[in-house]
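**Q** For reference, the file upload16.pdb (PDB, C-alpha atoms) is included below:
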```pdb
MODEL        1
ATOM      1  CA  MET X   1      -1.677   2.792   0.952  1.00  0.00           C
ATOM      2  CA  ASN X   2      -4.135   0.055   1.907  1.00  0.00           C
ATOM      3  CA  THR X   3      -3.611  -2.853  -0.513  1.00  0.00           C
ATOM      4  CA  ASP X   4      -7.016  -4.395   0.312  1.00  0.00           C
ATOM      5  CA  LEU X   5      -8.689  -1.089  -0.543  1.00  0.00           C
ATOM      6  CA  CYS X   6      -6.717  -0.825  -3.785  1.00  0.00           C
ATOM      7  CA  GLN X   7      -7.629  -4.373  -4.788  1.00  0.00           C
ATOM      8  CA  ALA X   8     -11.307  -3.812  -4.018  1.00  0.00           C
ATOM      9  CA  PHE X   9     -11.211  -0.708  -6.247  1.00  0.00           C
ATOM     10  CA  LEU X  10      -9.508  -2.628  -9.059  1.00  0.00           C
ATOM     11  CA  ASN X  11     -12.188  -5.335  -8.719  1.00  0.00           C
ATOM     12  CA  ARG X  12     -14.875  -2.641  -8.991  1.00  0.00           C
ATOM     13  CA  GLU X  13     -16.341  -3.577  -5.618  1.00  0.00           C
ATOM     14  CA  ARG X  14     -18.574  -1.025  -3.874  1.00  0.00           C
ATOM     15  CA  ILE X  15     -16.601   0.975  -1.313  1.00  0.00           C
ATOM     16  CA  LEU X  16     -18.461   3.160   1.182  1.00  0.00           C
ATOM     17  CA  GLY X  17     -18.124   6.843   0.251  1.00  0.00           C
ATOM     18  CA  VAL X  18     -16.432   6.170  -3.104  1.00  0.00           C
ATOM     19  CA  GLU X  19     -18.519   7.395  -6.050  1.00  0.00           C
ATOM     20  CA  TYR X  20     -16.334   6.168  -8.892  1.00  0.00           C
ATOM     21  CA  GLN X  21     -14.957   2.904 -10.280  1.00  0.00           C
ATOM     22  CA  HIS X  22     -11.612   1.823 -11.674  1.00  0.00           C
ATOM     23  CA  ASN X  23     -11.005   3.257 -15.183  1.00  0.00           C
ATOM     24  CA  ASP X  24     -13.898   5.737 -14.969  1.00  0.00           C
ATOM     25  CA  TYR X  25     -13.333   8.695 -17.267  1.00  0.00           C
ATOM     26  CA  VAL X  26     -13.455  11.988 -15.355  1.00  0.00           C
ATOM     27  CA  ARG X  27     -12.876  15.729 -15.706  1.00  0.00           C
ATOM     28  CA  VAL X  28     -10.924  17.693 -13.106  1.00  0.00           C
ATOM     29  CA  THR X  29     -13.119  20.543 -11.814  1.00  0.00           C
ATOM     30  CA  ASP X  30     -10.717  22.433  -9.545  1.00  0.00           C
ATOM     31  CA  GLY X  31      -7.051  23.018  -8.843  1.00  0.00           C
ATOM     32  CA  PRO X  32      -3.977  23.178 -11.084  1.00  0.00           C
ATOM     33  CA  HIS X  33      -5.334  20.515 -13.469  1.00  0.00           C
ATOM     34  CA  GLU X  34      -8.819  22.043 -13.806  1.00  0.00           C
ATOM     35  CA  GLY X  35     -10.473  21.243 -17.133  1.00  0.00           C
ATOM     36  CA  LYS X  36      -8.257  18.255 -17.902  1.00  0.00           C
ATOM     37  CA  PHE X  37      -9.625  14.764 -18.525  1.00  0.00           C
ATOM     38  CA  GLY X  38      -8.323  11.410 -17.420  1.00  0.00           C
ATOM     39  CA  SER X  39      -9.008   7.906 -16.142  1.00  0.00           C
ATOM     40  CA  LEU X  40      -8.987   6.623 -12.586  1.00  0.00           C
ATOM     41  CA  VAL X  41      -6.044   4.292 -12.091  1.00  0.00           C
ATOM     42  CA  SER X  42      -6.116   3.620  -8.365  1.00  0.00           C
ATOM     43  CA  LEU X  43      -7.832   4.518  -5.102  1.00  0.00           C
ATOM     44  CA  LEU X  44      -5.118   5.801  -2.767  1.00  0.00           C
ATOM     45  CA  SER X  45      -7.099   6.407   0.428  1.00  0.00           C
ATOM     46  CA  THR X  46     -10.501   7.187   1.893  1.00  0.00           C
ATOM     47  CA  GLU X  47      -9.292   9.037   5.016  1.00  0.00           C
ATOM     48  CA  SER X  48     -10.771  12.562   4.787  1.00  0.00           C
ATOM     49  CA  GLU X  49     -12.150  12.009   1.290  1.00  0.00           C
ATOM     50  CA  PRO X  50     -11.443   9.434  -1.409  1.00  0.00           C
ATOM     51  CA  MET X  51      -8.150  10.218  -3.151  1.00  0.00           C
ATOM     52  CA  PHE X  52      -7.475   8.811  -6.608  1.00  0.00           C
ATOM     53  CA  LEU X  53      -4.486   8.420  -8.868  1.00  0.00           C
ATOM     54  CA  VAL X  54      -5.684   9.902 -12.164  1.00  0.00           C
ATOM     55  CA  GLU X  55      -3.912   9.270 -15.464  1.00  0.00           C
ATOM     56  CA  LEU X  56      -4.393  12.492 -17.411  1.00  0.00           C
ATOM     57  CA  GLU X  57      -5.014  12.401 -21.173  1.00  0.00           C
ATOM     58  CA  ASP X  58      -2.157  14.808 -21.786  1.00  0.00           C
ATOM     59  CA  GLY X  59       0.291  12.614 -19.866  1.00  0.00           C
ATOM     60  CA  GLY X  60       1.270  12.097 -16.296  1.00  0.00           C
ATOM     61  CA  ASP X  61      -0.414  10.805 -13.180  1.00  0.00           C
ATOM     62  CA  VAL X  62      -1.761  13.085 -10.444  1.00  0.00           C
ATOM     63  CA  GLU X  63      -3.408  12.559  -7.055  1.00  0.00           C
ATOM     64  CA  ILE X  64      -6.836  14.213  -6.915  1.00  0.00           C
ATOM     65  CA  GLY X  65      -9.650  14.139  -4.368  1.00  0.00           C
ATOM     66  CA  GLN X  66     -13.113  12.929  -5.288  1.00  0.00           C
ATOM     67  CA  SER X  67     -14.652  16.385  -4.653  1.00  0.00           C
ATOM     68  CA  ARG X  68     -12.509  17.826  -7.479  1.00  0.00           C
ATOM     69  CA  LEU X  69     -13.658  15.298 -10.087  1.00  0.00           C
ATOM     70  CA  CYS X  70     -16.698  15.098 -12.339  1.00  0.00           C
ATOM     71  CA  PHE X  71     -17.838  11.768 -13.778  1.00  0.00           C
ATOM     72  CA  ILE X  72     -17.920  11.559 -17.590  1.00  0.00           C
ATOM     73  CA  SER X  73     -18.326   7.844 -18.407  1.00  0.00           C
ATOM     74  CA  HIS X  74     -17.619   4.268 -17.355  1.00  0.00           C
ATOM     75  CA  ASP X  75     -15.037   2.171 -19.172  1.00  0.00           C
ATOM     76  CA  ASN X  76     -16.928  -1.039 -19.893  1.00  0.00           C
TER      77      ASN X  76
ENDMDL
END
```
How does the structure come out when it is put into structure tokens?

**A**
Amino acid sequence: MNTDLCQAFLNRERILGVEYQHNDYVRVTDGPHEGKFGSLVSLLSTESEPMFLVELEDGGDVEIGQSRLCFISHDN
């Protein structure tokens, strides 16, 4: 994990190719957690696609790629 990348995400700095910000509220659109909602905790990598650590509403943290998420709202 790139700590500079993680810190930039936590600071809500623009990161090339990353559509979301720290604490954005999202819905999972595909995979085993499809239909669940959660908040973005951390940006793990940007290698093949941005990968996030998502804290699900129903408990637990999961790693999910940006292409499997749908933006709901910003946490202001």

**Q** Report the residues retrieved by the PyMOL selection byres ((chain X and resi 71) around 8) from the displayed file, expressed as a short mmCIF file (atom, residue, chain, number, x, y, z; two decimals) with C-alpha atoms, in the frame of the given file.

**A**
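File produced: result.cif:
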```
data_model
loop_
_atom_site.label_atom_id
_atom_site.label_comp_id
_atom_site.auth_asym_id
_atom_site.auth_seq_id
_atom_site.Cartn_x
_atom_site.Cartn_y
_atom_site.Cartn_z
CA TYR X 20 -16.33 6.17 -8.89
CA ASP X 24 -13.90 5.74 -14.97
CA TYR X 25 -13.33 8.70 -17.27
CA VAL X 26 -13.46 11.99 -15.36
CA ARG X 27 -12.88 15.73 -15.71
CA LEU X 69 -13.66 15.30 -10.09
CA CYS X 70 -16.70 15.10 -12.34
CA ILE X 72 -17.92 11.56 -17.59
CA SER X 73 -18.33 7.84 -18.41
#
```

**Q** Can you turn the PyMOL selection byres ((chain X and resi 56) around 10) into a concrete residue list for this file, as an mmCIF file with C-alpha atoms, in the frame of the given file?

**A**
```cif
data_model
loop_
_atom_site.group_PDB
_atom_site.id
_atom_site.type_symbol
_atom_site.label_atom_id
_atom_site.label_comp_id
_atom_site.auth_asym_id
_atom_site.auth_seq_id
_atom_site.Cartn_x
_atom_site.Cartn_y
_atom_site.Cartn_z
ATOM 1 C CA TYR X 25 -13.333 8.695 -17.267
ATOM 2 C CA VAL X 26 -13.455 11.988 -15.355
ATOM 3 C CA ARG X 27 -12.876 15.729 -15.706
ATOM 4 C CA VAL X 28 -10.924 17.693 -13.106
ATOM 5 C CA HIS X 33 -5.334 20.515 -13.469
ATOM 6 C CA LYS X 36 -8.257 18.255 -17.902
ATOM 7 C CA PHE X 37 -9.625 14.764 -18.525
ATOM 8 C CA GLY X 38 -8.323 11.410 -17.420
ATOM 9 C CA SER X 39 -9.008 7.906 -16.142
ATOM 10 C CA LEU X 40 -8.987 6.623 -12.586
ATOM 11 C CA VAL X 41 -6.044 4.292 -12.091
ATOM 12 C CA LEU X 53 -4.486 8.420 -8.868
ATOM 13 C CA VAL X 54 -5.684 9.902 -12.164
ATOM 14 C CA GLU X 55 -3.912 9.270 -15.464
ATOM 15 C CA GLU X 57 -5.014 12.401 -21.173
ATOM 16 C CA ASP X 58 -2.157 14.808 -21.786
ATOM 17 C CA GLY X 59 0.291 12.614 -19.866
ATOM 18 C CA GLY X 60 1.270 12.097 -16.296
ATOM 19 C CA ASP X 61 -0.414 10.805 -13.180
ATOM 20 C CA VAL X 62 -1.761 13.085 -10.444
#
```

**Q** If you apply the PyMOL selection byres ((chain X and resi 66) around 8) to this file, what residues do you get, as a list in words?

**A**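 With the PyMOL selection byres ((chain X and resi 66) around 8) on this model, the match is Val18, Glu19, Glu49, Pro50, Met51, Phe52, Ile64, Gly65, Ser67, Arg68 and Leu69 of chain X.
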
**Q** For segment 38-41 of chain X, what centre and edge lengths in Å (one decimal) does the axis-aligned box get once 3 Å is added on each side of all its listed atoms, as lines of an AutoDock Vina configuration file?

**A**
```
center_x = -7.5
center_y = 7.9
center_z = -14.8
size_x = 9.0
size_y = 13.1
size_z = 11.3
```

**Q** Have a look at X:Glu63, X:Thr29, X:Ser42, X:Asp75 and name the one nearest to Asn2 of chain X; count all atoms listed in the file.

**A**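 For Asn2 of chain X, the nearest of the candidates is X:Ser42.
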
**Q** At what distance in Å, to one decimal, does atom CA of Ser48 of chain X lie from atom CA of Gly17 of chain X?

**A**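 Rounded to one decimal, the two atoms are 10.4 Å apart.
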
**Q** Interatomic distance between atom CA of Glu47 of chain X and atom CA of Arg12 of chain X?

**A**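 Taking atom CA of Glu47 of chain X and atom CA of Arg12 of chain X, their separation equals 19.1 Å.
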
**Q** Which value, in Å to one decimal, gives the distance between atom CA of Leu5 of chain X and atom CA of Thr46 of chain X?

**A**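 Between atom CA of Leu5 of chain X and atom CA of Thr46 of chain X the gap works out to 8.8 Å.
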